[in-house]
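Content type mmCIF, C-alpha atoms, from the file upload_20.cif:
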```
data_start
loop_
_atom_site.label_atom_id
_atom_site.label_comp_id
_atom_site.auth_asym_id
_atom_site.auth_seq_id
_atom_site.Cartn_x
_atom_site.Cartn_y
_atom_site.Cartn_z
CA MET A 259 19.89 -8.50 -16.82
CA PRO A 260 22.33 -7.72 -14.00
CA TYR A 261 20.80 -6.83 -10.66
CA ALA A 262 22.74 -3.61 -10.15
CA ALA A 263 26.25 -2.35 -10.41
CA GLY A 264 28.13 -4.02 -7.57
CA GLY A 265 24.93 -5.43 -6.05
CA HIS A 266 23.41 -8.85 -5.59
CA ARG A 267 19.95 -10.12 -6.38
CA PRO A 268 17.91 -10.57 -3.17
CA ARG A 269 17.46 -14.17 -2.02
CA TRP A 270 13.79 -15.16 -2.09
CA TRP A 271 13.92 -17.17 1.13
CA ALA A 272 15.59 -14.34 3.06
CA GLU A 273 13.05 -11.84 1.74
CA THR A 274 10.15 -14.13 2.62
CA ALA A 275 11.44 -14.56 6.16
CA LEU A 276 12.02 -10.82 6.57
CA LEU A 277 8.55 -9.88 5.33
CA ALA A 278 6.95 -12.57 7.50
CA VAL A 279 8.71 -11.26 10.62
CA VAL A 280 7.76 -7.66 9.86
CA TYR A 281 4.13 -8.56 9.16
CA ALA A 282 3.93 -10.66 12.34
CA ALA A 283 5.33 -7.74 14.35
CA TYR A 284 2.87 -5.39 12.67
CA SER A 285 -0.11 -7.67 13.33
CA GLY A 286 0.93 -8.19 16.94
CA GLY A 287 1.49 -4.47 17.35
CA ARG A 288 -2.01 -3.74 16.06
CA LEU A 289 -3.46 -5.95 18.77
CA LEU A 290 -1.34 -4.34 21.48
CA ALA A 291 -2.28 -0.90 20.21
CA ARG A 292 -5.96 -1.34 20.96
CA GLY A 293 -7.13 1.83 22.59
CA ASP A 294 -9.93 2.67 24.98
CA GLU A 295 -13.35 2.43 23.29
CA ARG A 296 -14.49 5.80 24.59
CA ASP A 297 -11.38 7.52 23.22
CA ALA A 298 -11.69 5.71 19.90
CA VAL A 299 -15.33 6.73 19.50
CA GLY A 300 -14.45 10.31 20.45
CA HIS A 301 -11.71 10.42 17.83
CA GLY A 302 -14.02 8.97 15.19
CA LEU A 303 -16.74 11.52 15.93
CA ALA A 304 -14.20 14.36 15.90
CA ILE A 305 -13.02 13.31 12.43
CA LEU A 306 -16.61 13.03 11.19
CA ARG A 307 -17.56 16.46 12.57
CA LEU A 308 -14.48 18.04 10.98
CA GLU A 309 -15.36 16.52 7.63
CA GLU A 310 -18.95 17.74 7.94
CA ALA A 311 -17.72 21.25 8.73
CA LEU A 312 -15.49 21.14 5.65
CA HIS A 313 -18.21 19.50 3.50
CA LEU A 314 -15.94 16.50 2.91
CA ASP A 315 -18.16 13.78 4.39
CA ALA A 316 -18.39 11.56 1.30
CA GLU A 317 -18.80 8.47 3.48
CA HIS A 318 -22.56 8.88 4.02
CA PRO A 319 -23.70 8.94 0.37
CA LEU A 320 -21.27 6.17 -0.60
CA ASN A 321 -22.37 3.99 2.31
CA ARG A 322 -26.05 4.49 1.45
CA LEU A 323 -25.30 3.60 -2.18
CA PHE A 324 -23.40 0.42 -1.26
CA THR A 325 -26.03 -0.63 1.28
CA GLY A 326 -28.95 -0.09 -1.08
CA THR A 327 -27.26 -1.65 -4.12
CA PRO A 328 -26.12 -5.25 -3.52
CA ALA A 329 -24.43 -5.30 -6.95
CA LEU A 330 -22.03 -2.69 -5.56
CA GLY A 331 -21.99 -3.51 -1.87
CA ILE A 332 -21.23 -7.24 -2.10
CA PRO A 333 -18.26 -6.92 -4.52
CA ALA A 334 -16.99 -4.01 -2.41
CA ASP A 335 -17.03 -6.21 0.69
CA PHE A 336 -15.13 -8.95 -1.13
CA ALA A 337 -12.62 -6.36 -2.34
CA TYR A 338 -12.14 -4.96 1.17
CA ALA A 339 -11.76 -8.42 2.71
CA SER A 340 -9.29 -9.82 0.18
CA LEU A 341 -7.45 -7.45 -2.18
CA HIS A 342 -5.44 -5.81 0.60
CA TYR A 343 -3.90 -9.20 1.39
CA LEU A 344 -3.54 -10.46 -2.19
CA VAL A 345 -2.53 -7.56 -4.42
CA THR A 346 0.32 -6.23 -2.27
CA PRO A 347 2.15 -9.59 -2.01
CA ALA A 348 1.54 -10.16 -5.73
CA VAL A 349 3.15 -6.82 -6.58
CA LEU A 350 6.08 -7.62 -4.28
CA VAL A 351 6.63 -10.94 -6.07
CA TRP A 352 6.30 -9.29 -9.49
CA LEU A 353 8.82 -6.62 -8.52
CA PHE A 354 11.23 -9.21 -7.12
CA ARG A 355 11.11 -11.27 -10.30
CA ARG A 356 10.79 -8.63 -13.01
CA ARG A 357 12.48 -5.52 -11.56
CA PRO A 358 15.00 -6.83 -8.98
CA ALA A 359 17.14 -3.68 -9.19
CA HIS A 360 14.28 -1.70 -7.65
CA TYR A 361 12.94 -4.33 -5.26
CA ARG A 362 14.85 -3.52 -2.08
CA ALA A 363 14.10 0.21 -2.11
CA ALA A 364 10.38 -0.37 -2.75
CA ARG A 365 10.16 -3.12 -0.11
CA THR A 366 11.86 -0.92 2.48
CA TRP A 367 9.50 1.95 1.64
CA LEU A 368 6.50 -0.33 2.23
CA MET A 369 7.88 -1.69 5.51
CA VAL A 370 8.76 1.71 6.98
CA SER A 371 5.40 3.17 6.01
CA THR A 372 3.58 0.22 7.57
CA LEU A 373 5.42 0.70 10.85
CA LEU A 374 4.55 4.40 10.75
CA GLY A 375 0.92 3.38 10.38
CA LEU A 376 1.27 1.28 13.51
CA VAL A 377 2.46 4.38 15.37
CA GLY A 378 -0.70 6.13 14.18
CA PHE A 379 -2.93 3.32 15.50
CA THR A 380 -1.19 3.57 18.86
CA LEU A 381 -1.34 7.35 19.23
CA LEU A 382 -4.81 7.85 17.76
CA PRO A 383 -7.10 4.83 18.19
CA THR A 384 -10.09 5.64 16.01
CA CYS A 385 -13.50 4.07 15.75
CA PRO A 386 -14.47 3.46 12.10
CA PRO A 387 -17.82 4.81 10.85
CA ARG A 388 -19.43 1.36 10.97
CA LEU A 389 -18.98 1.17 14.75
CA LEU A 390 -20.44 4.58 15.55
CA GLY A 391 -23.90 4.85 17.06
CA ALA A 392 -26.91 4.16 14.87
CA GLY A 393 -27.79 7.87 15.00
CA GLU A 394 -24.77 8.68 12.81
CA GLY A 395 -26.44 6.97 9.85
CA PHE A 396 -23.85 4.34 8.87
CA THR A 397 -24.46 0.68 7.98
CA ASP A 398 -21.76 -1.92 8.42
CA THR A 399 -21.93 -3.48 4.95
CA MET A 400 -19.61 -6.31 6.00
CA ALA A 401 -22.17 -7.39 8.60
CA TYR A 402 -25.12 -6.53 6.33
CA TYR A 403 -23.88 -8.81 3.54
CA SER A 404 -22.03 -11.30 5.75
CA ALA A 405 -24.11 -14.21 4.42
CA TYR A 406 -22.29 -13.84 1.09
CA GLY A 407 -18.73 -14.07 2.37
CA TRP A 408 -16.42 -15.61 4.93
CA TRP A 409 -16.37 -12.57 7.19
CA GLY A 410 -18.63 -11.94 10.15
CA GLY A 411 -19.61 -8.69 11.76
CA GLU A 412 -16.11 -7.72 12.86
CA ALA A 413 -14.25 -6.04 10.00
CA SER A 414 -12.78 -8.40 7.40
CA ALA A 415 -11.79 -11.16 9.83
CA PRO A 416 -13.19 -14.65 9.20
CA ARG A 417 -16.13 -15.59 11.39
CA GLY A 418 -15.04 -16.32 14.94
CA LEU A 419 -11.68 -14.57 14.58
CA GLY A 420 -12.82 -11.01 15.16
CA GLY A 421 -11.00 -10.94 18.50
CA MET A 422 -7.71 -11.18 16.60
CA THR A 423 -8.18 -7.79 14.93
CA ASN A 424 -7.92 -4.24 16.19
CA GLN A 425 -11.32 -2.71 15.55
CA PHE A 426 -10.01 0.79 16.28
CA ALA A 427 -7.18 0.87 13.71
CA ALA A 428 -8.93 3.22 11.29
CA MET A 429 -6.44 6.10 11.27
CA PRO A 430 -4.47 6.01 9.01
CA SER A 431 -5.97 3.71 6.38
CA LEU A 432 -3.28 1.26 5.33
CA HIS A 433 -5.75 -0.26 2.89
CA VAL A 434 -5.34 3.01 1.01
CA GLY A 435 -1.63 3.30 1.82
CA TRP A 436 -0.74 -0.16 0.53
CA ALA A 437 -2.93 0.35 -2.55
CA LEU A 438 -1.08 3.60 -3.28
CA TRP A 439 2.25 1.77 -2.94
CA CYS A 440 1.07 -0.86 -5.43
CA GLY A 441 -0.09 1.86 -7.82
CA VAL A 442 3.17 3.78 -7.71
CA VAL A 443 5.27 0.63 -8.20
CA LEU A 444 3.17 -0.63 -11.12
CA PHE A 445 3.02 2.77 -12.79
CA ARG A 446 6.73 3.43 -12.39
CA TYR A 447 8.11 0.02 -13.32
CA GLY A 448 5.36 -1.54 -15.43
CA ARG A 449 5.68 -1.25 -19.18
CA ALA A 450 2.36 -2.66 -20.38
CA PRO A 451 -0.41 -0.04 -20.78
CA LEU A 452 -2.81 -2.29 -18.83
CA LEU A 453 -0.51 -2.24 -15.81
CA ARG A 454 -0.52 1.55 -15.82
CA VAL A 455 -4.31 1.64 -16.03
CA LEU A 456 -4.51 -0.75 -13.05
CA ALA A 457 -1.91 1.35 -11.23
CA VAL A 458 -4.28 4.33 -11.27
CA ALA A 459 -7.55 2.41 -10.90
CA TYR A 460 -6.61 0.24 -7.90
CA PRO A 461 -5.85 3.03 -5.37
CA ALA A 462 -8.87 5.04 -6.54
CA LEU A 463 -11.14 1.99 -6.21
CA THR A 464 -9.73 1.25 -2.75
CA VAL A 465 -10.60 4.76 -1.51
CA LEU A 466 -14.22 4.29 -2.66
CA VAL A 467 -14.43 0.81 -1.13
CA VAL A 468 -13.10 1.72 2.32
CA MET A 469 -15.53 4.62 2.59
CA GLY A 470 -18.54 2.90 1.01
CA THR A 471 -18.22 -0.08 3.36
CA ALA A 472 -18.02 2.34 6.34
CA ASN A 473 -14.60 1.08 7.36
CA HIS A 474 -12.80 4.41 6.99
CA TYR A 475 -13.33 8.16 6.83
CA LEU A 476 -12.04 10.25 3.96
CA LEU A 477 -9.43 11.73 6.28
CA ASP A 478 -8.24 8.20 7.10
CA ALA A 479 -7.51 7.78 3.41
CA VAL A 480 -5.70 11.12 3.32
CA ALA A 481 -3.64 10.04 6.33
CA GLY A 482 -2.80 6.76 4.57
CA VAL A 483 -1.41 8.74 1.63
CA ALA A 484 0.53 10.99 4.02
CA VAL A 485 2.06 7.99 5.81
CA MET A 486 3.25 6.57 2.50
CA GLY A 487 4.71 9.94 1.57
CA LEU A 488 6.57 10.16 4.87
CA GLY A 489 7.80 6.58 4.50
CA TRP A 490 9.12 7.37 1.02
CA TRP A 491 10.88 10.49 2.31
CA LEU A 492 12.52 8.57 5.16
CA THR A 493 13.79 5.77 2.91
CA ARG A 494 14.95 7.71 -0.13
CA THR A 495 18.72 7.89 -0.68
CA PRO A 496 19.78 11.28 -2.08
CA GLY A 497 23.15 11.44 -3.75
CA VAL A 498 23.11 7.86 -5.02
CA ARG A 499 23.67 7.76 -8.77
CA ALA A 500 21.25 5.79 -10.88
CA PRO A 501 22.82 2.71 -12.51
CA VAL A 502 24.28 3.25 -15.96
CA VAL A 503 21.78 2.09 -18.55
CA SER A 504 24.44 0.56 -20.75
CA ASP A 505 25.90 -1.68 -18.00
CA GLY A 506 26.35 -5.12 -19.46
CA CYS A 507 25.45 -3.94 -22.99
CA GLU A 508 27.83 -3.84 -25.94
CA THR A 509 27.76 -1.61 -28.99
CA SER A 510 29.39 -1.89 -32.37
CA ALA A 511 32.81 -0.37 -32.93
CA GLY A 512 32.59 3.39 -32.96
CA GLU A 513 28.92 3.39 -31.91
CA ARG A 514 27.91 5.51 -28.95
CA ILE A 515 24.65 5.49 -26.97
CA PRO A 516 23.06 8.99 -27.06
CA GLY A 517 24.03 10.96 -23.96
CA GLN A 518 26.89 8.57 -23.13
CA ARG A 519 30.09 10.28 -22.09
CA THR A 520 33.15 9.42 -24.10
CA ARG A 521 36.12 8.05 -22.19
CA PRO A 522 39.39 9.95 -22.60
CA ALA A 523 41.83 7.95 -24.69
CA SER A 524 44.54 6.30 -22.62
CA ALA A 525 48.18 5.84 -23.65
CA ASP A 526 47.46 2.17 -24.42
CA ASP A 527 44.57 3.13 -26.68
CA THR A 528 46.76 5.63 -28.53
CA ALA A 529 49.51 3.05 -29.01
CA THR A 530 47.01 0.49 -30.30
CA ALA A 531 45.55 2.99 -32.76
CA ALA A 532 49.04 3.94 -33.97
CA GLY A 533 49.93 0.29 -34.51
#
```
Rewrite the structure from the file as C-alpha coordinates, please.
Amino acid sequence: MPYAAGGHRPRWWAETALLAVVYAAYSGGRLLARGDERDAVGHGLAILRLEEALHLDAEHPLNRLFTGTPALGIPADFAYASLHYLVTPAVLVWLFRRRPAHYRAARTWLMVSTLLGLVGFTLLPTCPPRLLGAGEGFTDTMAYYSAYGWWGGEASAPRGLGGMTNQFAAMPSLHVGWALWCGVVLFRYGRAPLLRVLAVAYPALTVLVVMGTANHYLLDAVAGVAVMGLGWWLTRTPGVRAPVVSDGCETSAGERIPGQRTRPASADDTATAAG
(Lines of atoms letter the chains of each structure in order from A and count residues from 1; the text may use other names and numbers.)
(Lines give C-alpha, C1' and ligand atoms only; values in the text may rest on other atoms or scores of the structure.)
Protein backbone atom coordinates (compact mmCIF):
# COMPACT_ATOMS: atom_id res chain seq x y z
CA MET A 1 0.00 0.00 0.00
CA PRO A 2 1.52 3.38 -0.92
CA TYR A 3 2.19 5.75 1.96
CA ALA A 4 0.38 8.74 0.48
CA ALA A 5 0.14 10.57 -2.77
CA GLY A 6 3.48 12.30 -3.19
CA GLY A 7 4.60 11.38 0.34
CA HIS A 8 7.20 9.12 1.87
CA ARG A 9 6.90 6.54 4.60
CA PRO A 10 8.46 7.83 7.85
CA ARG A 11 11.84 6.36 8.74
CA TRP A 12 11.65 4.39 11.98
CA TRP A 13 15.03 5.54 13.29
CA ALA A 14 14.21 9.22 12.69
CA GLU A 15 10.84 8.83 14.39
CA THR A 16 12.39 7.04 17.36
CA ALA A 17 14.97 9.80 17.79
CA LEU A 18 12.33 12.52 17.48
CA LEU A 19 10.02 10.93 20.04
CA ALA A 20 12.93 10.30 22.42
CA VAL A 21 14.00 13.95 22.25
CA VAL A 22 10.45 15.21 22.79
CA TYR A 23 9.85 12.85 25.71
CA ALA A 24 13.19 13.80 27.30
CA ALA A 25 12.28 17.49 26.97
CA TYR A 26 8.85 16.79 28.44
CA SER A 27 10.27 14.82 31.37
CA GLY A 28 12.88 17.48 32.06
CA GLY A 29 10.26 20.19 31.77
CA ARG A 30 8.07 18.42 34.34
CA LEU A 31 10.93 18.52 36.83
CA LEU A 32 11.63 22.19 36.15
CA ALA A 33 7.93 22.99 36.45
CA ARG A 34 7.74 21.92 40.08
CA GLY A 35 5.76 24.54 41.89
CA ASP A 36 5.63 25.74 45.47
CA GLU A 37 4.04 23.14 47.76
CA ARG A 38 1.72 25.66 49.40
CA ASP A 39 0.41 26.83 46.02
CA ALA A 40 0.02 23.26 44.80
CA VAL A 41 -1.97 22.26 47.88
CA GLY A 42 -4.11 25.38 47.55
CA HIS A 43 -4.89 24.57 43.93
CA GLY A 44 -5.73 20.98 44.80
CA LEU A 45 -8.09 22.03 47.58
CA ALA A 46 -9.73 24.62 45.32
CA ILE A 47 -10.44 21.94 42.71
CA LEU A 48 -11.81 19.58 45.36
CA ARG A 49 -14.08 22.26 46.85
CA LEU A 50 -15.39 23.18 43.41
CA GLU A 51 -16.19 19.55 42.68
CA GLU A 52 -17.94 19.20 46.04
CA ALA A 53 -20.02 22.29 45.33
CA LEU A 54 -21.00 20.84 41.95
CA HIS A 55 -21.54 17.33 43.41
CA LEU A 56 -18.85 15.95 41.08
CA ASP A 57 -16.45 14.58 43.71
CA ALA A 58 -16.38 10.97 42.52
CA GLU A 59 -12.83 10.54 43.83
CA HIS A 60 -13.85 9.81 47.44
CA PRO A 61 -16.15 6.80 46.82
CA LEU A 62 -13.80 5.35 44.19
CA ASN A 63 -10.78 5.74 46.46
CA ARG A 64 -12.60 4.08 49.37
CA LEU A 65 -13.63 1.22 47.06
CA PHE A 66 -10.09 0.68 45.75
CA THR A 67 -8.57 0.92 49.23
CA GLY A 68 -11.02 -1.51 50.79
CA THR A 69 -10.96 -4.01 47.91
CA PRO A 70 -7.45 -5.29 47.12
CA ALA A 71 -8.80 -7.17 44.08
CA LEU A 72 -9.53 -3.75 42.57
CA GLY A 73 -6.89 -1.57 44.18
CA ILE A 74 -3.82 -3.68 43.37
CA PRO A 75 -4.60 -4.15 39.63
CA ALA A 76 -5.48 -0.44 39.46
CA ASP A 77 -2.06 0.46 40.87
CA PHE A 78 -0.33 -1.78 38.33
CA ALA A 79 -2.41 -0.20 35.57
CA TYR A 80 -1.54 3.33 36.73
CA ALA A 81 2.16 2.52 37.04
CA SER A 82 2.58 0.77 33.69
CA LEU A 83 -0.11 1.16 31.01
CA HIS A 84 0.58 4.87 30.47
CA TYR A 85 4.13 3.97 29.41
CA LEU A 86 3.32 0.79 27.48
CA VAL A 87 0.06 1.28 25.61
CA THR A 88 0.88 4.65 24.03
CA PRO A 89 4.20 3.51 22.48
CA ALA A 90 2.51 0.28 21.35
CA VAL A 91 -0.22 2.24 19.56
CA LEU A 92 2.41 4.48 17.96
CA VAL A 93 4.28 1.43 16.64
CA TRP A 94 1.03 -0.17 15.42
CA LEU A 95 0.05 3.03 13.63
CA PHE A 96 3.52 3.38 12.08
CA ARG A 97 3.44 -0.17 10.74
CA ARG A 98 -0.22 -0.66 9.84
CA ARG A 99 -1.50 2.85 9.00
CA PRO A 100 1.58 4.84 7.89
CA ALA A 101 -0.51 7.33 5.91
CA HIS A 102 -2.02 8.57 9.18
CA TYR A 103 1.02 8.24 11.42
CA ARG A 104 2.58 11.70 11.14
CA ALA A 105 -0.63 13.61 11.84
CA ALA A 106 -1.47 11.45 14.87
CA ARG A 107 2.08 11.63 16.22
CA THR A 108 2.15 15.42 15.88
CA TRP A 109 -1.22 15.67 17.64
CA LEU A 110 0.15 13.64 20.57
CA MET A 111 3.35 15.68 20.79
CA VAL A 112 1.64 19.08 20.69
CA SER A 113 -0.94 18.02 23.27
CA THR A 114 1.80 16.73 25.57
CA LEU A 115 3.65 20.03 25.40
CA LEU A 116 0.39 21.84 26.16
CA GLY A 117 0.06 19.65 29.24
CA LEU A 118 3.52 20.77 30.31
CA VAL A 119 2.33 24.38 30.10
CA GLY A 120 -0.53 23.42 32.41
CA PHE A 121 1.86 21.88 34.97
CA THR A 122 3.90 25.07 34.92
CA LEU A 123 1.02 27.53 35.25
CA LEU A 124 -1.06 25.51 37.70
CA PRO A 125 1.00 23.19 39.92
CA THR A 126 -1.60 21.02 41.62
CA CYS A 127 -1.35 18.65 44.55
CA PRO A 128 -3.07 15.32 43.77
CA PRO A 129 -5.69 14.00 46.21
CA ARG A 130 -3.27 11.45 47.68
CA LEU A 131 -0.98 14.22 48.97
CA LEU A 132 -3.67 16.28 50.66
CA GLY A 133 -3.99 16.27 54.43
CA ALA A 134 -5.39 13.19 56.14
CA GLY A 135 -8.52 15.17 57.02
CA GLU A 136 -9.56 15.18 53.35
CA GLY A 137 -10.20 11.43 53.50
CA PHE A 138 -7.94 10.11 50.72
CA THR A 139 -5.64 7.07 50.84
CA ASP A 140 -2.60 6.83 48.59
CA THR A 141 -3.25 3.35 47.18
CA MET A 142 0.19 3.27 45.55
CA ALA A 143 1.78 3.56 48.99
CA TYR A 144 -0.89 1.37 50.62
CA TYR A 145 -0.22 -1.53 48.25
CA SER A 146 3.44 -0.76 47.56
CA ALA A 147 4.52 -4.20 48.80
CA TYR A 148 2.92 -5.70 45.68
CA GLY A 149 4.72 -3.63 43.07
CA TRP A 150 7.93 -1.86 42.14
CA TRP A 151 6.70 1.58 43.13
CA GLY A 152 7.19 3.25 46.48
CA GLY A 153 5.18 5.98 48.11
CA GLU A 154 5.90 8.62 45.48
CA ALA A 155 3.50 8.25 42.55
CA SER A 156 4.39 5.52 40.06
CA ALA A 157 8.17 5.97 40.23
CA PRO A 158 10.28 2.94 41.17
CA ARG A 159 11.44 2.89 44.77
CA GLY A 160 14.21 5.39 45.38
CA LEU A 161 13.48 7.40 42.23
CA GLY A 162 10.63 9.51 43.54
CA GLY A 163 12.84 12.61 43.40
CA MET A 164 12.87 12.31 39.61
CA THR A 165 9.13 12.96 39.31
CA ASN A 166 7.01 16.06 39.67
CA GLN A 167 4.55 15.27 42.44
CA PHE A 168 2.47 18.35 41.63
CA ALA A 169 1.76 17.59 37.94
CA ALA A 170 -1.87 16.62 38.45
CA MET A 171 -3.55 19.23 36.24
CA PRO A 172 -4.18 18.27 33.47
CA SER A 173 -4.13 14.46 33.61
CA LEU A 174 -2.02 13.23 30.71
CA HIS A 175 -2.74 9.68 31.82
CA VAL A 176 -6.27 10.43 30.63
CA GLY A 177 -5.10 12.54 27.69
CA TRP A 178 -2.79 9.88 26.29
CA ALA A 179 -5.41 7.18 26.86
CA LEU A 180 -7.93 9.26 24.91
CA TRP A 181 -5.42 9.63 22.07
CA CYS A 182 -4.94 5.85 21.99
CA GLY A 183 -8.70 5.33 21.99
CA VAL A 184 -9.34 7.74 19.13
CA VAL A 185 -6.52 6.28 17.01
CA LEU A 186 -7.62 2.68 17.57
CA PHE A 187 -11.29 3.44 16.98
CA ARG A 188 -10.63 5.48 13.85
CA TYR A 189 -8.04 3.29 12.18
CA GLY A 190 -8.62 -0.16 13.68
CA ARG A 191 -10.78 -2.56 11.72
CA ALA A 192 -11.15 -5.47 14.14
CA PRO A 193 -14.18 -5.21 16.45
CA LEU A 194 -11.96 -6.02 19.45
CA LEU A 195 -9.78 -2.98 18.75
CA ARG A 196 -12.84 -0.75 18.79
CA VAL A 197 -14.01 -2.22 22.08
CA LEU A 198 -10.55 -1.58 23.57
CA ALA A 199 -10.59 1.92 22.08
CA VAL A 200 -13.62 2.80 24.20
CA ALA A 201 -12.73 0.73 27.28
CA TYR A 202 -9.13 1.94 27.76
CA PRO A 203 -9.83 5.68 28.24
CA ALA A 204 -12.85 4.94 30.44
CA LEU A 205 -10.81 2.54 32.59
CA THR A 206 -8.00 5.09 32.87
CA VAL A 207 -10.39 7.74 34.23
CA LEU A 208 -11.57 5.32 36.95
CA VAL A 209 -8.00 4.27 37.79
CA VAL A 210 -6.54 7.77 38.15
CA MET A 211 -9.37 8.81 40.47
CA GLY A 212 -9.61 5.56 42.44
CA THR A 213 -5.87 5.59 43.19
CA ALA A 214 -6.17 9.23 44.36
CA ASN A 215 -3.73 10.46 41.74
CA HIS A 216 -6.14 12.83 39.99
CA TYR A 217 -9.37 14.75 40.43
CA LEU A 218 -12.25 14.41 38.02
CA LEU A 219 -11.52 17.91 36.73
CA ASP A 220 -7.94 16.83 36.00
CA ALA A 221 -9.39 14.20 33.69
CA VAL A 222 -11.65 16.78 32.07
CA ALA A 223 -8.63 19.04 31.56
CA GLY A 224 -6.72 16.14 30.00
CA VAL A 225 -9.53 15.71 27.45
CA ALA A 226 -9.55 19.47 26.81
CA VAL A 227 -5.79 19.53 26.22
CA MET A 228 -6.10 16.75 23.66
CA GLY A 229 -8.93 18.61 21.96
CA LEU A 230 -6.86 21.79 21.77
CA GLY A 231 -3.86 19.84 20.48
CA TRP A 232 -6.01 18.30 17.75
CA TRP A 233 -7.38 21.72 16.78
CA LEU A 234 -3.88 23.22 16.57
CA THR A 235 -2.51 20.40 14.41
CA ARG A 236 -5.39 19.80 12.02
CA THR A 237 -4.85 20.89 8.40
CA PRO A 238 -8.04 22.29 6.87
CA GLY A 239 -8.20 22.41 3.10
CA VAL A 240 -6.01 19.36 2.54
CA ARG A 241 -7.78 16.82 0.36
CA ALA A 242 -7.95 13.25 1.57
CA PRO A 243 -5.94 10.83 -0.60
CA VAL A 244 -7.85 9.20 -3.44
CA VAL A 245 -8.95 5.75 -2.38
CA SER A 246 -8.20 4.23 -5.75
CA ASP A 247 -4.55 5.40 -5.84
CA GLY A 248 -2.44 2.47 -6.93
CA CYS A 249 -5.52 0.32 -7.70
CA GLU A 250 -6.56 -0.87 -11.14
CA THR A 251 -10.00 -1.75 -12.43
CA SER A 252 -11.16 -3.75 -15.40
CA ALA A 253 -11.79 -2.00 -18.69
CA GLY A 254 -14.89 0.13 -18.48
CA GLU A 255 -15.29 -0.46 -14.72
CA ARG A 256 -15.67 2.56 -12.48
CA ILE A 257 -15.44 2.78 -8.68
CA PRO A 258 -18.72 4.21 -7.27
CA GLY A 259 -18.39 7.96 -6.73
CA GLN A 260 -15.28 8.18 -8.93
CA ARG A 261 -15.27 11.11 -11.32
CA THR A 262 -14.85 10.27 -14.96
CA ARG A 263 -11.97 11.91 -16.78
CA PRO A 264 -12.86 13.93 -19.87
CA ALA A 265 -11.74 12.14 -23.00
CA SER A 266 -8.59 13.63 -24.52
CA ALA A 267 -7.84 13.94 -28.23
CA ASP A 268 -5.49 10.94 -27.96
CA ASP A 269 -8.22 8.84 -26.38
CA THR A 270 -10.64 9.80 -29.15
CA ALA A 271 -8.11 8.92 -31.85
CA THR A 272 -7.39 5.57 -30.20
CA ALA A 273 -11.10 4.76 -29.99
CA ALA A 274 -11.60 5.73 -33.63
CA GLY A 275 -8.72 3.49 -34.71
List, as a PyMOL selection string, every residue that the PyMOL selection byres ((chain A and resi 309-324) around 10) selects in the file provided. chain A and resi 303-308+325-335+387-388+394-399+466-477
Let's have the selection written as a short mmCIF file (atom, residue, chain, number, x, y, z; two decimals), keeping the file's coordinate frame, with C-alpha atoms.
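Below is the file that was written, selection.cif:
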```cif
data_model
loop_
_atom_site.label_atom_id
_atom_site.label_comp_id
_atom_site.auth_asym_id
_atom_site.auth_seq_id
_atom_site.Cartn_x
_atom_site.Cartn_y
_atom_site.Cartn_z
CA LEU A 303 -16.74 11.52 15.93
CA ALA A 304 -14.20 14.36 15.90
CA ILE A 305 -13.02 13.31 12.43
CA LEU A 306 -16.61 13.03 11.19
CA ARG A 307 -17.56 16.46 12.57
CA LEU A 308 -14.48 18.04 10.98
CA THR A 325 -26.03 -0.63 1.28
CA GLY A 326 -28.95 -0.09 -1.08
CA THR A 327 -27.26 -1.65 -4.12
CA PRO A 328 -26.12 -5.25 -3.52
CA ALA A 329 -24.43 -5.30 -6.95
CA LEU A 330 -22.03 -2.69 -5.56
CA GLY A 331 -21.99 -3.51 -1.87
CA ILE A 332 -21.23 -7.24 -2.10
CA PRO A 333 -18.26 -6.92 -4.52
CA ALA A 334 -16.99 -4.01 -2.41
CA ASP A 335 -17.03 -6.21 0.69
CA PRO A 387 -17.82 4.81 10.85
CA ARG A 388 -19.43 1.36 10.97
CA GLU A 394 -24.77 8.68 12.81
CA GLY A 395 -26.44 6.97 9.85
CA PHE A 396 -23.85 4.34 8.87
CA THR A 397 -24.46 0.68 7.98
CA ASP A 398 -21.76 -1.92 8.42
CA THR A 399 -21.93 -3.48 4.95
CA LEU A 466 -14.22 4.29 -2.66
CA VAL A 467 -14.43 0.81 -1.13
CA VAL A 468 -13.10 1.72 2.32
CA MET A 469 -15.53 4.62 2.59
CA GLY A 470 -18.54 2.90 1.01
CA THR A 471 -18.22 -0.08 3.36
CA ALA A 472 -18.02 2.34 6.34
CA ASN A 473 -14.60 1.08 7.36
CA HIS A 474 -12.80 4.41 6.99
CA TYR A 475 -13.33 8.16 6.83
CA LEU A 476 -12.04 10.25 3.96
CA LEU A 477 -9.43 11.73 6.28
#
```
What gap, in Å, lies between CA of Ala337 in chain A and CA of Leu350 in chain A?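 So the two atoms, CA of Ala337 in chain A and CA of Leu350 in chain A, lie 18.8 Å apart.
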Residue among A:Val455, A:Val370, A:Ala339, A:Leu277 lying closest to Gly407 in chain A, counting all atoms listed in the file: A:Ala339
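Within the file as shown, the PyMOL selection byres ((chain A and resi 441-443) around 7) identifies Ala437, Leu438, Trp439, Cys440, Leu444, Phe445, Arg446, Tyr447, Ala457, Val458, Tyr460 and Pro461 of chain A.
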Applied to this file, what does the PyMOL selection byres ((chain A and resi 378) around 10) return in terms of residues, put as a PyMOL selection string? chain A and resi 291+372-377+379-384+427-431+481-482+485
Box for range 339-351 of chain A - axis-aligned, 4 Å on each of the six sides, all listed atoms - centre and size in Å to one decimal, as AutoDock Vina command-line options.
```
--center_x -2.6 --center_y -8.4 --center_z -1.9 --size_x 26.4 --size_y 13.1 --size_z 17.3
```
When distances are computed from only C-alpha atoms, which of A:Ala282, A:Ala298, A:Val434, A:Ala392 shows the smallest separation from Ala484 in chain A?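 Using only C-alpha atoms, Ala484 in chain A sits closest to A:Val434.
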Computed gap from CA of Leu453 in chain A to CA of Met486 in chain A is 20.7 Å
Nearest-residue call for Trp408 in chain A, choices A:Trp352, A:Ser340, A:Ala459, A:Gly393, using all atoms listed in the file: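 The shortest atom-to-atom distance to Trp408 in chain A comes from A:Ser340.
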How many Å lie between CA of Thr493 in chain A and CA of Arg269 in chain A, rounded to one decimal?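 Distance between the two atoms: 20.9 Å.
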